[in-house]
Each structure stands twice: as C-alpha cells, then as structure tokens.
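One structure is given here, and the rest of the page talks about it.
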Amino acid sequence: MAEAALQTDARANVSRQFYFAMALTCLIIAVLGFMPTYFVPMVEGKFKGPPLVHIHGLVLFAWMAFFCTQTWLVARGKTLAHRTWGVLGVSIATAMVFVVTAIVSLRISQASLPGQPEGLAHGVRAFAWVSIGGIGFFIGAFALAIVEVRRPETHKRLLLLATISLLGAPIARWFLTLLAPSAPPPPAPPPGLPAVFAPPVFVAVPPALIGDILLFVAMWVDWRTRGRPHPVYLIGGGLMLLLHITQVQVAESPAWQAIAAAIGHITG
C-alpha cells in the first residue's frame, strides 16, 4: 500500500514537471517567434505601430508568462500561491478578448476607408477570422478550465490546450522572416491612408498545425501515464484541429464576411 502511494506521488510529480515544461516551451516559442518582427526592431527603434499594437503584445505575452509561472508554482508544490494568483488569469484573459477585438476592428475599419485598394477590405475581413476564431477558442477553453477548477486533471489540460491554440501567430512570424527576402514588398498605401496588410488566410494554416504538435506530445504522455489520452485532448484537441484546417473556408464565407464587417464598425 505504501509502495502504491509512492508510485502515485511519483507520477503526480512527473505530471507537474511535464506541464511546467510544456508551459515553458509555449513561452519560448512566443518569445522567439516575435523576436525578429517585434522585439529586435523595437530595441533598434525601427518598429512603428500604434499604441494598441504594443498593448496587444503586452497582454498576450502576459498570458504566456502568467501560465508559465502558474505551472512553475504547482511544480514547486506552492498550490496555495497558484490558487491565489489564479484570479489574475481571469483579468488577463478578459483583456485579451478586448484588445484582440479592438485591433481586428481597427484593421477592418482602416481597410474599408474610401480610396483603399479594391479587395483589401475583403482580405482583411477574411484574415480577421484567424484572430477572432483563435481568441474565441482560447476563451472557450479558458472558461471551461475555470468551471473545472476543482478537477485539476481537467483544469490543467484545458489551460494547456488554450495556450497551445495561441502558438500559430508566433510560429507564423518565422515563416514571414524566412520568406521576406524573396517576397515582393507590399504596395504603398494611397496618400493619406493607413497601410494595412492582408496576407491570404491559407498562410496561417501551416504555422497553426505546427503548434498543434504540442497537443500530440501531451496526448502521447497521457497514453504513457494514463493508458489513454484525456477527453480534453480528444474532444477539445479535435475542435482545435478542425478550427485550424477550416480557416480558409470559414474566412471566405459570406456569413463571416458580414460578421467581420460589423466588427469593423466597433472602432470605425
């Protein structure tokens, strides 16, 4: 009986260390992903963007740092501190919804101004689904994690799934950096109008699927330690994969184009 208890404690410790390692990996991916297009240009004084862009970056990196810190507290056995600081996560997640919606609305509004190139507004509305769909999935997983806070095995997996769903953006920045030397420069905006760039939606799919590899790592660990993947990974992970592989179809649909146009009126 004592031996069984020791084995249970050992498995629990391995699980805590694994989730900290996964959170740290997500944080590293986020930092390295935005290094060439945000951090380095900002340090060199070459990055130009409205204050909202900096707020957007601050809030999303705050989540990555917060999630990593929370898993570290659990790995160190500081469960009480983990629970105490958990309230901050709700504030960060709420801020993420507002700032992502605001920046998407601003871009759609700018692309819809009279005089902008034909088709730009449609392209920006389409790509907005990548951001809105992503933050929608994140908040759904996060809200379920709060509901399941008294079930740690479900709670921690939902939070990891939510964080993995955010990795497409930083991974995509490396694609942009590698392709930048061979890609033609974007056309200059008409005089007096803001520069708005609308990449095709399909370029967001491969980076998102690369980030999803962490989901399969977590499922593999479950398989080794539990004998089967947890339902959070099977159901939630399946929905996340579906979201990523259907981005183009949803983004180009008339229904989403109408919704995106309405979002553009928030700041327009």
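Note on naming: chains are A, B, ... as they come in the structure tokens, residues start from 1 per chain, ligands start from 1 in the order shown.
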ask   = Counting only C-alpha atoms, what is within 9 Å of segment 249-261 of chain A, bar same-chain residues fewer than 5 positions away, as a ChimeraX atom specification?
value = /A:104-105,108-109,112,121-130,201
inquiry  = If we count only C-alpha atoms and set the cut-off at 9 Å, which residues sit around Met22 of chain A, ignoring sequence neighbours fewer than 2 positions away in its own chain? Please answer as a PyMOL selection string.
reply    = chain A and resi 17-20+24-27+68+160+214+218
Residues of segment 118-201 of chain A at most 10 Å from segment 34-54 of chain A: nearest atom pair and distance in Å, only C-alpha atoms, as a tab-separated table:
residue	atom	partner	partner_atom	distance
A:Ala169	CA	A:Phe34	CA	8.6
A:Pro170	CA	A:Phe34	CA	5.6
A:Ile171	CA	A:Phe34	CA	8.3
A:Ala172	CA	A:Phe34	CA	9.2
A:Arg173	CA	A:Phe34	CA	6.3
A:Trp174	CA	A:Pro36	CA	7.7
A:Leu176	CA	A:Thr37	CA	8.8
A:Thr177	CA	A:Pro36	CA	7.1
Selection to disk with N, CA, C and O atoms, as a PDB file, in the first residue's frame:
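See selection18.pdb below for the written result:
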ATOM      1  N   ALA A 169       0.410  32.248 -34.242  1.00  0.00           N
ATOM      2  CA  ALA A 169       0.886  33.607 -34.561  1.00  0.00           C
ATOM      3  C   ALA A 169       2.403  33.734 -34.437  1.00  0.00           C
ATOM      4  O   ALA A 169       3.063  34.205 -35.375  1.00  0.00           O
ATOM      5  N   PRO A 170       3.031  33.332 -33.314  1.00  0.00           N
ATOM      6  CA  PRO A 170       4.494  33.459 -33.248  1.00  0.00           C
ATOM      7  C   PRO A 170       5.223  32.559 -34.231  1.00  0.00           C
ATOM      8  O   PRO A 170       6.258  32.945 -34.791  1.00  0.00           O
ATOM      9  N   ILE A 171       4.706  31.367 -34.477  1.00  0.00           N
ATOM     10  CA  ILE A 171       5.349  30.475 -35.448  1.00  0.00           C
ATOM     11  C   ILE A 171       5.265  31.075 -36.846  1.00  0.00           C
ATOM     12  O   ILE A 171       6.212  30.990 -37.639  1.00  0.00           O
ATOM     13  N   ALA A 172       4.141  31.714 -37.149  1.00  0.00           N
ATOM     14  CA  ALA A 172       3.971  32.328 -38.473  1.00  0.00           C
ATOM     15  C   ALA A 172       4.987  33.434 -38.707  1.00  0.00           C
ATOM     16  O   ALA A 172       5.390  33.685 -39.852  1.00  0.00           O
ATOM     17  N   ARG A 173       5.422  34.112 -37.635  1.00  0.00           N
ATOM     18  CA  ARG A 173       6.400  35.190 -37.795  1.00  0.00           C
ATOM     19  C   ARG A 173       7.724  34.672 -38.335  1.00  0.00           C
ATOM     20  O   ARG A 173       8.410  35.368 -39.082  1.00  0.00           O
ATOM     21  N   TRP A 174       8.091  33.448 -38.008  1.00  0.00           N
ATOM     22  CA  TRP A 174       9.323  32.875 -38.556  1.00  0.00           C
ATOM     23  C   TRP A 174       9.154  32.559 -40.040  1.00  0.00           C
ATOM     24  O   TRP A 174      10.091  32.706 -40.826  1.00  0.00           O
ATOM     25  N   LEU A 176       7.286  34.300 -42.043  1.00  0.00           N
ATOM     26  CA  LEU A 176       7.377  35.610 -42.689  1.00  0.00           C
ATOM     27  C   LEU A 176       8.821  36.077 -42.785  1.00  0.00           C
ATOM     28  O   LEU A 176       9.242  36.649 -43.799  1.00  0.00           O
ATOM     29  N   THR A 177       9.602  35.834 -41.733  1.00  0.00           N
ATOM     30  CA  THR A 177      11.009  36.254 -41.730  1.00  0.00           C
ATOM     31  C   THR A 177      11.812  35.501 -42.779  1.00  0.00           C
ATOM     32  O   THR A 177      12.639  36.079 -43.495  1.00  0.00           O
TER      33      THR A 177
END
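For the residues A:Leu80, A:Met64, A:Ile146, A:Ile92, ranking by smallest atom-to-atom distance to Ile164 of chain A using only C-alpha atoms places A:Met64 first.
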inquiry  = One decimal, in Å: what's the spacing between atom CA of Lys156 of chain A and atom CA of Leu241 of chain A?
reply    = 19.2 Å
Backbone DSSP call of alpha helix (DSSP H) for segment 75-185 of chain A, listed as a PyMOL selection string = chain A and resi 75+79-111+120-147+152-164+168-179
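With only C-alpha atoms as the atoms that count, the minimum distance from Met240 of chain A to the choices A:Gly227, A:Gly136, A:Pro190, A:Pro200 is reached by A:Gly136.
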Please list as a CSV table (one decimal) with N, CA and C atoms, in the first residue's frame every residue within 10 Å of Leu144 of chain A, counting only C-alpha atoms and excluding residues in the same chain fewer than 5 positions away.
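Wrote result-v5.csv, looks like this:
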chain,number,residue,atom,x,y,z
A,139,ILE,N,-10.8,31.5,-25.3
A,139,ILE,CA,-11.7,31.9,-24.2
A,139,ILE,C,-12.7,30.8,-23.9
A,149,VAL,N,-12.2,24.1,-12.2
A,149,VAL,CA,-11.1,24.4,-11.3
A,149,VAL,C,-10.9,23.4,-10.2
A,154,THR,N,-8.5,17.9,-15.4
A,154,THR,CA,-9.2,18.5,-16.5
A,154,THR,C,-8.8,20.0,-16.6
A,155,HIS,N,-8.7,20.7,-15.5
A,155,HIS,CA,-8.4,22.1,-15.4
A,155,HIS,C,-7.1,22.4,-16.1
A,158,LEU,N,-7.1,21.8,-20.0
A,158,LEU,CA,-7.8,22.8,-20.7
A,158,LEU,C,-7.0,24.1,-20.9
A,159,LEU,N,-6.2,24.5,-19.8
A,159,LEU,CA,-5.4,25.6,-19.9
A,159,LEU,C,-4.2,25.4,-20.9
Within 8 Å of Gln70 of chain A, counting only C-alpha atoms, which residues qualify if same-chain residues fewer than 5 places away don't, as an mmCIF file with N, CA, C and O atoms, in the first residue's frame?
data_model
loop_
_atom_site.group_PDB
_atom_site.id
_atom_site.type_symbol
_atom_site.label_atom_id
_atom_site.label_comp_id
_atom_site.auth_asym_id
_atom_site.auth_seq_id
_atom_site.Cartn_x
_atom_site.Cartn_y
_atom_site.Cartn_z
ATOM 1 N N HIS A 82 -0.553 29.345 -6.188
ATOM 2 C CA HIS A 82 -1.134 29.119 -7.518
ATOM 3 C C HIS A 82 -2.608 29.527 -7.528
ATOM 4 O O HIS A 82 -3.068 30.215 -8.457
ATOM 5 N N TRP A 85 -3.028 33.469 -7.121
ATOM 6 C CA TRP A 85 -2.729 34.232 -8.330
ATOM 7 C C TRP A 85 -3.663 33.891 -9.492
ATOM 8 O O TRP A 85 -3.668 34.585 -10.510
ATOM 9 N N GLY A 86 -4.457 32.837 -9.325
ATOM 10 C CA GLY A 86 -5.343 32.430 -10.417
ATOM 11 C C GLY A 86 -6.318 33.498 -10.851
ATOM 12 O O GLY A 86 -6.709 33.565 -12.030
#
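Counting from atom CA of Gly140 of chain A, the distance to atom CA of Ile263 of chain A is 19.3 Å.
Taking atom CA of Ser165 of chain A and atom CA of Ile55 of chain A as the two end points, the separation is 20.1 Å.
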key: Nearby residues (only C-alpha atoms) at most 9 Å from His230 of chain A, same-chain spacing under 6 positions excluded, as a list of chain:residue names   =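 My list of contacting residues is A:Glu153, A:Thr154, A:Arg157, A:Met219, A:Asp222, A:Trp223.
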Just write the chosen residues, N, CA, C and O atoms, as a PDB file, in the first residue's frame.
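Saved result, again-v4.pdb, follows:
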ATOM      1  N   GLU A 153      -7.076  17.577 -13.030  1.00  0.00           N
ATOM      2  CA  GLU A 153      -6.663  16.864 -14.231  1.00  0.00           C
ATOM      3  C   GLU A 153      -7.306  17.454 -15.482  1.00  0.00           C
ATOM      4  O   GLU A 153      -6.686  17.507 -16.547  1.00  0.00           O
ATOM      5  N   THR A 154      -8.545  17.882 -15.359  1.00  0.00           N
ATOM      6  CA  THR A 154      -9.244  18.525 -16.477  1.00  0.00           C
ATOM      7  C   THR A 154      -8.814  19.983 -16.612  1.00  0.00           C
ATOM      8  O   THR A 154      -8.559  20.471 -17.723  1.00  0.00           O
ATOM      9  N   ARG A 157      -5.333  20.586 -18.237  1.00  0.00           N
ATOM     10  CA  ARG A 157      -5.304  20.225 -19.665  1.00  0.00           C
ATOM     11  C   ARG A 157      -6.038  21.260 -20.509  1.00  0.00           C
ATOM     12  O   ARG A 157      -5.627  21.567 -21.634  1.00  0.00           O
ATOM     13  N   MET A 219      -0.822  14.278 -25.671  1.00  0.00           N
ATOM     14  CA  MET A 219      -1.612  13.053 -25.809  1.00  0.00           C
ATOM     15  C   MET A 219      -0.728  11.820 -25.641  1.00  0.00           C
ATOM     16  O   MET A 219      -1.134  10.837 -25.009  1.00  0.00           O
ATOM     17  N   ASP A 222      -0.042  11.347 -22.000  1.00  0.00           N
ATOM     18  CA  ASP A 222      -1.231  10.755 -21.379  1.00  0.00           C
ATOM     19  C   ASP A 222      -1.296   9.257 -21.649  1.00  0.00           C
ATOM     20  O   ASP A 222      -1.631   8.460 -20.771  1.00  0.00           O
ATOM     21  N   TRP A 223      -0.997   8.893 -22.874  1.00  0.00           N
ATOM     22  CA  TRP A 223      -1.051   7.484 -23.261  1.00  0.00           C
ATOM     23  C   TRP A 223      -0.064   6.661 -22.425  1.00  0.00           C
ATOM     24  O   TRP A 223      -0.382   5.546 -21.993  1.00  0.00           O
TER      25      TRP A 223
END
